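final-v1.cif follows (mmCIF, C-alpha atoms and all ligand atoms):
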```cif
data_entry
loop_
_atom_site.group_PDB
_atom_site.id
_atom_site.type_symbol
_atom_site.label_atom_id
_atom_site.label_comp_id
_atom_site.auth_asym_id
_atom_site.auth_seq_id
_atom_site.Cartn_x
_atom_site.Cartn_y
_atom_site.Cartn_z
ATOM 1 C CA MET A 1 -24.795 -10.742 -1.387
ATOM 2 C CA PRO A 2 -22.989 -9.486 -4.477
ATOM 3 C CA TRP A 3 -23.773 -6.209 -6.102
ATOM 4 C CA VAL A 4 -21.935 -5.324 -9.220
ATOM 5 C CA GLY A 5 -20.592 -1.876 -9.920
ATOM 6 C CA ARG A 6 -20.533 -0.462 -13.406
ATOM 7 C CA ALA A 7 -20.150 -3.524 -15.619
ATOM 8 C CA ARG A 8 -17.972 -3.076 -18.646
ATOM 9 C CA SER A 9 -15.329 -5.214 -20.210
ATOM 10 C CA ARG A 10 -11.704 -4.301 -20.184
ATOM 11 C CA VAL A 11 -8.753 -6.118 -21.634
ATOM 12 C CA ALA A 12 -5.463 -5.968 -19.765
ATOM 13 C CA PRO A 13 -2.101 -7.326 -20.825
ATOM 14 C CA TRP A 14 -0.618 -10.118 -18.689
ATOM 15 C CA VAL A 15 2.749 -11.640 -19.547
ATOM 16 C CA GLY A 16 2.157 -11.516 -23.256
ATOM 17 C CA ARG A 17 -1.376 -12.933 -23.032
ATOM 18 C CA VAL A 18 -4.511 -10.857 -23.472
ATOM 19 C CA VAL A 19 -6.746 -11.680 -20.548
ATOM 20 C CA SER A 20 -8.488 -9.874 -17.746
ATOM 21 C CA ARG A 21 -7.162 -11.031 -14.399
ATOM 22 C CA VAL A 22 -9.589 -11.572 -11.539
ATOM 23 C CA ALA A 23 -8.802 -10.756 -7.906
ATOM 24 C CA LEU A 24 -10.693 -11.113 -4.634
ATOM 25 C CA VAL A 25 -9.700 -8.644 -1.884
ATOM 26 C CA THR A 26 -10.960 -8.895 1.710
ATOM 27 C CA GLY A 27 -11.174 -5.901 4.028
ATOM 28 C CA ALA A 28 -11.944 -3.943 0.888
ATOM 29 C CA ALA A 29 -14.296 -1.303 2.304
ATOM 30 C CA ARG A 30 -11.622 1.081 3.561
ATOM 31 C CA GLY A 31 -7.977 1.560 4.521
ATOM 32 C CA ILE A 32 -5.341 -0.684 2.958
ATOM 33 C CA GLY A 33 -7.993 -2.970 1.417
ATOM 34 C CA ALA A 34 -9.733 -0.118 -0.402
ATOM 35 C CA ALA A 35 -6.363 1.189 -1.597
ATOM 36 C CA THR A 36 -5.591 -2.303 -2.920
ATOM 37 C CA VAL A 37 -8.883 -2.454 -4.831
ATOM 38 C CA LEU A 38 -8.001 0.913 -6.366
ATOM 39 C CA ALA A 39 -4.450 -0.128 -7.298
ATOM 40 C CA LEU A 40 -5.607 -3.371 -8.935
ATOM 41 C CA ALA A 41 -8.473 -1.629 -10.735
ATOM 42 C CA ALA A 42 -6.076 0.961 -12.122
ATOM 43 C CA ASP A 43 -3.965 -1.947 -13.437
ATOM 44 C CA GLY A 44 -7.054 -3.276 -15.269
ATOM 45 C CA TRP A 45 -8.027 -6.131 -12.937
ATOM 46 C CA ARG A 46 -11.555 -7.286 -12.254
ATOM 47 C CA VAL A 47 -11.870 -7.102 -8.489
ATOM 48 C CA LEU A 48 -14.393 -8.638 -6.115
ATOM 49 C CA ALA A 49 -14.223 -6.311 -3.104
ATOM 50 C CA VAL A 50 -15.213 -8.268 0.021
ATOM 51 C CA ASP A 51 -15.921 -6.848 3.471
ATOM 52 C CA ALA A 52 -18.058 -7.816 6.466
ATOM 53 C CA CYS A 53 -19.477 -4.267 6.532
ATOM 54 C CA THR A 54 -20.614 -4.662 10.108
ATOM 55 C CA ASP A 55 -19.312 -3.821 13.568
ATOM 56 C CA ASP A 56 -18.106 -6.545 15.941
ATOM 57 C CA PRO A 57 -19.699 -6.638 19.397
ATOM 58 C CA ALA A 58 -16.335 -7.540 20.957
ATOM 59 C CA LEU A 59 -14.588 -4.437 19.591
ATOM 60 C CA PRO A 60 -15.043 -0.853 20.819
ATOM 61 C CA TYR A 61 -14.350 0.787 17.454
ATOM 62 C CA ALA A 62 -16.367 0.922 14.224
ATOM 63 C CA LEU A 63 -15.484 -1.311 11.280
ATOM 64 C CA GLY A 64 -16.214 -0.702 7.596
ATOM 65 C CA THR A 65 -19.785 0.028 6.481
ATOM 66 C CA PRO A 66 -21.834 -0.808 3.372
ATOM 67 C CA ASP A 67 -21.361 2.838 2.317
ATOM 68 C CA ASP A 68 -17.578 2.455 2.667
ATOM 69 C CA LEU A 69 -17.670 -0.654 0.462
ATOM 70 C CA ALA A 70 -19.870 1.107 -2.106
ATOM 71 C CA ALA A 71 -17.380 4.013 -2.201
ATOM 72 C CA SER A 72 -14.469 1.585 -2.641
ATOM 73 C CA VAL A 73 -16.284 -0.167 -5.518
ATOM 74 C CA ALA A 74 -17.140 3.167 -7.158
ATOM 75 C CA ALA A 75 -13.541 4.403 -6.862
ATOM 76 C CA GLY A 76 -12.233 1.197 -8.447
ATOM 77 C CA ASN A 77 -14.676 1.420 -11.334
ATOM 78 C CA ALA A 78 -13.807 5.097 -11.848
ATOM 79 C CA ALA A 79 -10.119 4.110 -11.979
ATOM 80 C CA GLY A 80 -10.716 1.838 -14.946
ATOM 81 C CA GLY A 81 -11.242 -1.594 -13.450
ATOM 82 C CA VAL A 82 -14.372 -3.691 -13.184
ATOM 83 C CA VAL A 83 -15.182 -3.887 -9.490
ATOM 84 C CA ALA A 84 -18.047 -5.550 -7.627
ATOM 85 C CA GLY A 85 -18.784 -5.597 -3.910
ATOM 86 C CA PHE A 86 -19.578 -8.677 -1.846
ATOM 87 C CA GLU A 87 -20.475 -8.745 1.840
ATOM 88 C CA ALA A 88 -18.862 -11.643 3.715
ATOM 89 C CA ASP A 89 -17.140 -12.156 7.060
ATOM 90 C CA VAL A 90 -13.700 -13.749 6.725
ATOM 91 C CA ARG A 91 -14.551 -15.950 9.718
ATOM 92 C CA ASP A 92 -17.241 -17.587 7.566
ATOM 93 C CA GLU A 93 -15.458 -19.963 5.197
ATOM 94 C CA ASN A 94 -18.742 -20.776 3.431
ATOM 95 C CA GLY A 95 -19.346 -17.069 2.796
ATOM 96 C CA LEU A 96 -15.882 -16.778 1.261
ATOM 97 C CA CYS A 97 -16.600 -19.862 -0.872
ATOM 98 C CA ASP A 98 -19.752 -18.084 -2.106
ATOM 99 C CA ALA A 99 -17.655 -15.036 -3.042
ATOM 100 C CA VAL A 100 -15.150 -17.214 -4.905
ATOM 101 C CA ALA A 101 -17.995 -19.047 -6.664
ATOM 102 C CA TRP A 102 -19.482 -15.696 -7.714
ATOM 103 C CA ALA A 103 -16.159 -14.589 -9.240
ATOM 104 C CA GLU A 104 -15.799 -17.884 -11.088
ATOM 105 C CA ALA A 105 -19.385 -17.835 -12.384
ATOM 106 C CA GLU A 106 -19.410 -14.163 -13.441
ATOM 107 C CA TRP A 107 -15.807 -13.609 -14.469
ATOM 108 C CA GLY A 108 -14.647 -17.098 -15.420
ATOM 109 C CA GLY A 109 -12.142 -17.839 -12.642
ATOM 110 C CA LEU A 110 -9.848 -16.438 -9.975
ATOM 111 C CA ASP A 111 -6.207 -15.380 -10.342
ATOM 112 C CA ALA A 112 -5.454 -13.659 -7.024
ATOM 113 C CA ALA A 113 -6.833 -13.754 -3.488
ATOM 114 C CA ILE A 114 -5.621 -10.993 -1.181
ATOM 115 C CA GLY A 115 -6.420 -11.171 2.539
ATOM 116 C CA VAL A 116 -6.358 -7.658 3.966
ATOM 117 C CA ALA A 117 -9.246 -7.794 6.477
ATOM 118 C CA GLY A 118 -8.070 -7.329 10.045
ATOM 119 C CA VAL A 119 -8.916 -5.948 13.459
ATOM 120 C CA ILE A 120 -6.969 -4.855 16.519
ATOM 121 C CA ALA A 121 -7.581 -5.201 20.255
ATOM 122 C CA GLY A 122 -5.423 -5.207 23.348
ATOM 123 C CA GLY A 123 -4.143 -2.308 25.415
ATOM 124 C CA VAL A 124 -3.727 -4.616 28.421
ATOM 125 C CA PRO A 125 -1.390 -7.552 29.078
ATOM 126 C CA LEU A 126 -2.526 -10.793 27.454
ATOM 127 C CA TRP A 127 -3.782 -12.315 30.694
ATOM 128 C CA GLU A 128 -6.088 -9.359 31.282
ATOM 129 C CA MET A 129 -7.552 -9.301 27.775
ATOM 130 C CA PRO A 130 -11.278 -10.077 27.645
ATOM 131 C CA ARG A 131 -11.733 -13.527 26.150
ATOM 132 C CA ASP A 132 -14.104 -12.327 23.420
ATOM 133 C CA GLN A 133 -11.545 -9.771 22.197
ATOM 134 C CA LEU A 134 -8.757 -12.371 22.223
ATOM 135 C CA ASP A 135 -10.930 -14.736 20.176
ATOM 136 C CA THR A 136 -11.910 -11.989 17.726
ATOM 137 C CA VAL A 137 -8.287 -10.988 17.040
ATOM 138 C CA LEU A 138 -7.180 -14.573 16.439
ATOM 139 C CA ASP A 139 -10.334 -15.553 14.535
ATOM 140 C CA VAL A 140 -10.255 -12.578 12.127
ATOM 141 C CA ASP A 141 -6.525 -11.876 11.796
ATOM 142 C CA LEU A 142 -5.255 -15.471 11.608
ATOM 143 C CA PHE A 143 -8.151 -17.842 10.973
ATOM 144 C CA GLY A 144 -9.720 -15.363 8.525
ATOM 145 C CA VAL A 145 -6.623 -15.747 6.342
ATOM 146 C CA VAL A 146 -6.736 -19.524 6.817
ATOM 147 C CA ALA A 147 -10.385 -19.487 5.678
ATOM 148 C CA LEU A 148 -9.552 -17.352 2.639
ATOM 149 C CA ALA A 149 -6.784 -19.767 1.644
ATOM 150 C CA ARG A 150 -9.105 -22.761 2.002
ATOM 151 C CA ALA A 151 -11.826 -21.024 -0.024
ATOM 152 C CA ALA A 152 -9.656 -19.438 -2.719
ATOM 153 C CA VAL A 153 -6.640 -21.670 -3.368
ATOM 154 C CA PRO A 154 -8.743 -24.460 -4.937
ATOM 155 C CA ALA A 155 -10.113 -21.850 -7.377
ATOM 156 C CA LEU A 156 -6.591 -20.584 -8.139
ATOM 157 C CA LEU A 157 -5.678 -24.205 -8.895
ATOM 158 C CA ARG A 158 -8.732 -24.641 -11.155
ATOM 159 C CA ARG A 159 -7.084 -22.276 -13.666
ATOM 160 C CA PRO A 160 -5.486 -24.416 -16.365
ATOM 161 C CA ALA A 161 -1.727 -25.004 -16.266
ATOM 162 C CA PRO A 162 0.600 -23.294 -16.806
ATOM 163 C CA ARG A 163 -0.986 -21.059 -14.181
ATOM 164 C CA ASP A 164 0.280 -18.046 -12.266
ATOM 165 C CA GLY A 165 -2.117 -17.598 -9.373
ATOM 166 C CA ARG A 166 -1.385 -15.471 -6.346
ATOM 167 C CA PHE A 167 -2.342 -15.883 -2.706
ATOM 168 C CA ILE A 168 -1.330 -12.797 -0.728
ATOM 169 C CA ALA A 169 -1.948 -11.810 2.884
ATOM 170 C CA VAL A 170 -1.331 -8.749 5.009
ATOM 171 C CA ALA A 171 0.730 -9.551 8.107
ATOM 172 C CA SER A 172 2.336 -6.734 10.149
ATOM 173 C CA ALA A 173 5.567 -5.520 11.668
ATOM 174 C CA ALA A 174 3.925 -7.108 14.742
ATOM 175 C CA ALA A 175 4.721 -10.488 13.149
ATOM 176 C CA THR A 176 8.377 -10.027 14.067
ATOM 177 C CA ARG A 177 8.330 -7.431 16.889
ATOM 178 C CA GLY A 178 6.969 -7.977 20.370
ATOM 179 C CA LEU A 179 4.600 -5.032 20.738
ATOM 180 C CA PRO A 180 3.510 -4.341 24.321
ATOM 181 C CA MET A 181 -0.168 -4.879 25.128
ATOM 182 C CA LEU A 182 -0.739 -6.437 21.691
ATOM 183 C CA ALA A 183 0.353 -10.048 22.281
ATOM 184 C CA ALA A 184 -2.713 -11.600 20.628
ATOM 185 C CA TYR A 185 -2.294 -9.360 17.573
ATOM 186 C CA CYS A 186 1.441 -10.258 17.425
ATOM 187 C CA ALA A 187 0.549 -13.954 17.635
ATOM 188 C CA ALA A 188 -2.046 -13.703 14.874
ATOM 189 C CA LYS A 189 0.297 -11.807 12.538
ATOM 190 C CA ALA A 190 3.250 -14.147 13.232
ATOM 191 C CA GLY A 191 0.791 -16.931 12.422
ATOM 192 C CA VAL A 192 0.014 -15.296 9.073
ATOM 193 C CA ALA A 193 3.737 -15.176 8.224
ATOM 194 C CA GLY A 194 4.115 -18.873 9.110
ATOM 195 C CA LEU A 195 0.975 -19.737 7.179
ATOM 196 C CA ILE A 196 2.322 -18.040 4.039
ATOM 197 C CA ARG A 197 5.597 -19.970 4.233
ATOM 198 C CA GLY A 198 3.778 -23.283 4.763
ATOM 199 C CA LEU A 199 1.300 -22.527 1.997
ATOM 200 C CA ALA A 200 4.136 -21.692 -0.413
ATOM 201 C CA ALA A 201 5.594 -25.122 0.320
ATOM 202 C CA ASP A 202 2.210 -26.805 -0.189
ATOM 203 C CA LEU A 203 1.861 -25.010 -3.552
ATOM 204 C CA ARG A 204 5.182 -26.349 -4.878
ATOM 205 C CA GLY A 205 5.044 -27.022 -8.593
ATOM 206 C CA THR A 206 1.527 -25.625 -9.090
ATOM 207 C CA GLY A 207 2.418 -22.195 -10.472
ATOM 208 C CA VAL A 208 0.462 -20.554 -7.636
ATOM 209 C CA THR A 209 2.538 -18.467 -5.226
ATOM 210 C CA ALA A 210 1.930 -17.338 -1.635
ATOM 211 C CA ASN A 211 3.412 -14.121 -0.257
ATOM 212 C CA ALA A 212 2.677 -11.514 2.396
ATOM 213 C CA VAL A 213 3.288 -7.851 3.093
ATOM 214 C CA SER A 214 4.101 -6.627 6.605
ATOM 215 C CA PRO A 215 3.065 -2.974 6.964
ATOM 216 C CA GLY A 216 4.351 -0.561 9.548
ATOM 217 C CA SER A 217 2.184 2.191 11.026
ATOM 218 C CA THR A 218 -0.223 3.196 8.261
ATOM 219 C CA GLU A 219 -2.843 5.953 8.383
ATOM 220 C CA THR A 220 -6.063 3.956 8.817
ATOM 221 C CA LYS A 221 -8.765 3.412 11.431
ATOM 222 C CA ILE A 222 -6.785 0.528 12.959
ATOM 223 C CA LEU A 223 -3.968 2.946 13.747
ATOM 224 C CA ASP A 224 -6.439 5.384 15.332
ATOM 225 C CA GLU A 225 -7.640 2.538 17.536
ATOM 226 C CA SER A 226 -4.017 1.574 18.336
ATOM 227 C CA ALA A 227 -3.379 5.158 19.497
ATOM 228 C CA ARG A 228 -6.445 4.956 21.736
ATOM 229 C CA LEU A 229 -5.250 1.639 23.185
ATOM 230 C CA TYR A 230 -1.901 3.248 24.101
ATOM 231 C CA ASP A 231 -3.488 6.472 25.426
ATOM 232 C CA LEU A 232 -1.704 8.515 22.756
ATOM 233 C CA PRO A 233 -3.197 11.819 21.570
ATOM 234 C CA SER A 234 -3.430 10.616 17.952
ATOM 235 C CA ALA A 235 -2.070 8.122 15.427
ATOM 236 C CA ALA A 236 0.521 10.733 14.391
ATOM 237 C CA SER A 237 2.440 9.812 17.560
ATOM 238 C CA PHE A 238 3.482 6.524 15.903
ATOM 239 C CA ALA A 239 5.465 8.332 13.187
ATOM 240 C CA ALA A 240 8.511 8.923 15.390
ATOM 241 C CA GLN A 241 9.189 5.188 15.885
ATOM 242 C CA GLN A 242 9.656 4.618 12.113
ATOM 243 C CA PRO A 243 13.047 5.511 10.556
ATOM 244 C CA LEU A 244 11.212 7.340 7.741
ATOM 245 C CA GLU A 245 9.748 9.521 10.547
ATOM 246 C CA ARG A 246 6.254 9.556 9.048
ATOM 247 C CA LEU A 247 3.226 7.324 8.795
ATOM 248 C CA LEU A 248 2.679 5.278 5.662
ATOM 249 C CA ALA A 249 -0.224 6.010 3.321
ATOM 250 C CA PRO A 250 -2.505 3.025 2.550
ATOM 251 C CA ALA A 251 -1.566 3.417 -1.127
ATOM 252 C CA GLU A 252 2.096 2.690 -0.304
ATOM 253 C CA VAL A 253 1.164 -0.696 1.163
ATOM 254 C CA ALA A 254 -1.318 -1.350 -1.648
ATOM 255 C CA ALA A 255 1.414 -0.711 -4.234
ATOM 256 C CA ALA A 256 3.419 -3.625 -2.809
ATOM 257 C CA LEU A 257 0.338 -5.867 -2.744
ATOM 258 C CA ALA A 258 -0.439 -4.992 -6.371
ATOM 259 C CA PHE A 259 3.177 -5.693 -7.296
ATOM 260 C CA LEU A 260 2.983 -9.125 -5.641
ATOM 261 C CA ALA A 261 -0.224 -9.799 -7.604
ATOM 262 C CA GLY A 262 1.384 -8.764 -10.858
ATOM 263 C CA PRO A 263 3.831 -10.331 -13.324
ATOM 264 C CA GLY A 264 6.888 -8.661 -11.748
ATOM 265 C CA ALA A 265 6.623 -10.927 -8.707
ATOM 266 C CA SER A 266 6.657 -14.163 -10.716
ATOM 267 C CA GLY A 267 9.860 -15.334 -8.999
ATOM 268 C CA MET A 268 8.637 -14.796 -5.423
ATOM 269 C CA THR A 269 6.943 -17.276 -3.129
ATOM 270 C CA GLY A 270 6.954 -17.697 0.636
ATOM 271 C CA ALA A 271 8.158 -14.104 1.052
ATOM 272 C CA VAL A 272 6.999 -11.787 3.836
ATOM 273 C CA VAL A 273 7.881 -8.346 2.546
ATOM 274 C CA PRO A 274 8.190 -5.419 4.986
ATOM 275 C CA VAL A 275 6.573 -2.173 3.829
ATOM 276 C CA ASP A 276 7.040 -0.537 7.182
ATOM 277 C CA ALA A 277 8.997 2.724 6.868
ATOM 278 C CA GLY A 278 11.783 0.778 8.633
ATOM 279 C CA LEU A 279 9.731 -0.027 11.746
ATOM 280 C CA ALA A 280 11.008 -3.598 12.033
ATOM 281 C CA LEU A 281 14.706 -2.637 11.815
HETATM 282 N N1 LIG B 301 -2.839 0.429 9.687
HETATM 283 C C1 LIG B 301 -1.718 -0.078 10.184
HETATM 284 O O1 LIG B 301 -0.897 0.613 10.797
HETATM 285 C C2 LIG B 301 -1.428 -1.544 9.972
HETATM 286 C C3 LIG B 301 -0.146 -2.015 10.281
HETATM 287 C C4 LIG B 301 0.141 -3.355 10.089
HETATM 288 C C5 LIG B 301 -0.828 -4.212 9.587
HETATM 289 N N2 LIG B 301 -2.061 -3.715 9.299
HETATM 290 C C6 LIG B 301 -3.054 -4.652 8.763
HETATM 291 O O2 LIG B 301 -3.610 -4.132 7.576
HETATM 292 C C7 LIG B 301 -4.880 -4.748 7.355
HETATM 293 C C8 LIG B 301 -5.884 -3.682 6.930
HETATM 294 O O3 LIG B 301 -6.182 -2.859 8.041
HETATM 295 P P1 LIG B 301 -6.350 -1.283 7.908
HETATM 296 O O4 LIG B 301 -5.167 -0.681 8.540
HETATM 297 O O5 LIG B 301 -6.685 -0.917 6.522
HETATM 298 O O6 LIG B 301 -7.601 -1.063 8.913
HETATM 299 P P2 LIG B 301 -9.125 -0.677 8.680
HETATM 300 O O7 LIG B 301 -9.788 -0.901 9.990
HETATM 301 O O8 LIG B 301 -9.237 0.657 8.053
HETATM 302 O O9 LIG B 301 -9.651 -1.737 7.597
HETATM 303 C C9 LIG B 301 -9.951 -3.068 7.941
HETATM 304 C C10 LIG B 301 -11.116 -3.543 7.086
HETATM 305 O O10 LIG B 301 -11.332 -4.931 7.376
HETATM 306 C C11 LIG B 301 -12.724 -5.137 7.525
HETATM 307 N N3 LIG B 301 -12.969 -6.286 8.395
HETATM 308 C C12 LIG B 301 -12.710 -6.381 9.720
HETATM 309 N N4 LIG B 301 -13.100 -7.562 10.179
HETATM 310 C C13 LIG B 301 -13.598 -8.254 9.124
HETATM 311 C C14 LIG B 301 -14.142 -9.554 8.973
HETATM 312 N N5 LIG B 301 -14.277 -10.368 10.018
HETATM 313 N N6 LIG B 301 -14.525 -9.945 7.735
HETATM 314 C C15 LIG B 301 -14.405 -9.111 6.679
HETATM 315 N N7 LIG B 301 -13.917 -7.862 6.767
HETATM 316 C C16 LIG B 301 -13.516 -7.442 7.982
HETATM 317 C C17 LIG B 301 -13.244 -3.854 8.142
HETATM 318 O O11 LIG B 301 -14.651 -3.703 7.969
HETATM 319 C C18 LIG B 301 -12.425 -2.812 7.410
HETATM 320 O O12 LIG B 301 -13.057 -2.394 6.222
HETATM 321 C C19 LIG B 301 -5.215 -5.483 8.643
HETATM 322 O O13 LIG B 301 -4.961 -6.867 8.458
HETATM 323 C C20 LIG B 301 -4.247 -4.901 9.644
HETATM 324 O O14 LIG B 301 -3.977 -5.798 10.707
HETATM 325 C C21 LIG B 301 -2.393 -2.416 9.470
#
```

Same coordinates, now as structure tokens:
Amino acid sequence: MPWVGRARSRVAPWVGRVVSRVALVTGAARGIGAATVLALAADGWRVLAVDACTDDPALPYALGTPDDLAASVAAGNAAGGVVAGFEADVRDENGLCDAVAWAEAEWGGLDAAIGVAGVIAGGVPLWEMPRDQLDTVLDVDLFGVVALARAAVPALLRRPAPRDGRFIAVASAAATRGLPMLAAYCAAKAGVAGLIRGLAADLRGTGVTANAVSPGSTETKILDESARLYDLPSAASFAAQQPLERLLAPAEVAAALAFLAGPGASGMTGAVVPVDAGLAL
């Protein structure tokens, strides 16, 4: 169900035209998704912030909450955007279609869809992973992005030509590195990278682009859970494996996502951009 934050109009410049661009961001309650809502809002976008806002019975750690989503919406509105929250699970393509329909009905269309929602599970070799956890990782991390593309790309294409829509997903350094005890997560994220390249080819000549960002270890709840899976004392232990010798802040990944959504990325499609403090080197 949608619930709109402070409603007020704002006019933002976009490649010489005066329009207000509309984005849908999944995984928007916290972490990289919330930072992306904030970055887009600060750039003057209208943002529909989507999150499941519920825990998953297959996963031993807590996911985002309705309060997290409300805080993300409030932060985006305080930053100068127009942000509304919408509860939907990325595994539910119909729910995502409802979110897209809401954005089109209330804000007149959709210009960017950004798939950030994700989960992690593993900590054992693939063949020992409980089947429900394996399914959850693949269903959310790969098929959730597939569902977003199927729900949102038709709306991006409904904008009149010449259009400049953006489909953007969050992959991972795990898309290109074989991380021990995380084979399902690696498979899902490699799938996202392949999906983005295929989608970019499908979108040839439409004016809509498809790109992804591959983060390295970033200070969020997923990294806390990764530390637990590896029996590490805390997420800070991951800093040493990155050439920058620190963890990334969610805002650093969000900055790249906002760039890909913006006019500066007009020449990019099919790109999977590392924002990983050098992790994938
Ligand atoms: N943090 C890292 O080190 C790191 C590194 C590489 C990639 N990533 C990716 O970044 C993305 C964001 O994760 P994060 O680090 O911010 O973690 P996070 O756990 O803080 O945020 C994930 C958000 O996604 C939401 N979510 C989970 N399942 C959902 C579903 N089925 N439908 C809708 N929403 C759902 C959660 O409620 C939560 O708000 C994920 O795709 C993750 O795989 C993170």

Identify, on the basis of only C-alpha atoms, every residue whose closest approach to Asn211 in chain A does not exceed 6 Å; exclude the query and any residue fewer than 6 positions from it along the same chain; express the result as a tab-separated table (two decimals) with C-alpha atoms, keeping the file's coordinate frame.
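Done, and the output landed in part.tsv:
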```
chain	number	residue	atom	x	y	z
A	168	ILE	CA	-1.33	-12.80	-0.73
A	196	ILE	CA	2.32	-18.04	4.04
A	269	THR	CA	6.94	-17.28	-3.13
A	270	GLY	CA	6.95	-17.70	0.64
A	271	ALA	CA	8.16	-14.10	1.05
A	272	VAL	CA	7.00	-11.79	3.84
```

Discussion item. Please determine, counting all atoms listed in the file, which residue among A:Ala174, A:Asp164, A:Glu104, A:Val119 has the shortest atom-to-atom distance to Glu225 in chain A.
Written reply: A:Val119

Item to complete: Given the file shown, enumerate the residues that the PyMOL selection byres (((chain A and resi 113) around 8) and not hetatm) captures and present them as an MDAnalysis selection string.
Response: chainID A and resid 23:25 110:112 114:115 148:149 152:153 166:168

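Against the coordinates shown, the PyMOL selection byres (((chain A and resi 124-134) around 7) and not hetatm) returns Ala58, Leu59, Ala121, Gly122, Gly123, Asp135, Thr136, Val137, Leu138, Met181, Ala183 and Ala184 of chain A.
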
Just write the chosen residues, C-alpha atoms, as a PDB file, in the frame of the given file.
```pdb
ATOM      1  CA  ALA A  58     -16.335  -7.540  20.957  1.00  0.00           C
ATOM      2  CA  LEU A  59     -14.588  -4.437  19.591  1.00  0.00           C
ATOM      3  CA  ALA A 121      -7.581  -5.201  20.255  1.00  0.00           C
ATOM      4  CA  GLY A 122      -5.423  -5.207  23.348  1.00  0.00           C
ATOM      5  CA  GLY A 123      -4.143  -2.308  25.415  1.00  0.00           C
ATOM      6  CA  ASP A 135     -10.930 -14.736  20.176  1.00  0.00           C
ATOM      7  CA  THR A 136     -11.910 -11.989  17.726  1.00  0.00           C
ATOM      8  CA  VAL A 137      -8.287 -10.988  17.040  1.00  0.00           C
ATOM      9  CA  LEU A 138      -7.180 -14.573  16.439  1.00  0.00           C
ATOM     10  CA  MET A 181      -0.168  -4.879  25.128  1.00  0.00           C
ATOM     11  CA  ALA A 183       0.353 -10.048  22.281  1.00  0.00           C
ATOM     12  CA  ALA A 184      -2.713 -11.600  20.628  1.00  0.00           C
TER      13      ALA A 184
END
```

All file atoms of ligand LIG 301 (chain B) boxed axis-aligned, 8 Å per side, centre plus edges, as JSON:
```
{"center_x": -7.3, "center_y": -4.9, "center_z": 8.5, "size_x": 30.8, "size_y": 27.0, "size_z": 20.6}
```

Fill in: Selection dump of the PyMOL selection byres (((not hetatm)) within 8 of (chain B and resi 301)), as number ranges by chain
A: 26-34, 50-56, 62-65, 68-69, 87-91, 115-120, 139-141, 144, 170-174, 185, 189, 214-223, 248, 250, 276

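For the choices A:Arg246, A:Ala265, A:Ala255, A:Leu156, the atom-to-atom distance to Ala277 in chain A is smallest for A:Arg246 when using all atoms listed in the file.
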
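CA of Thr209 in chain A lies 29.4 Å from CA of Leu247 in chain A.
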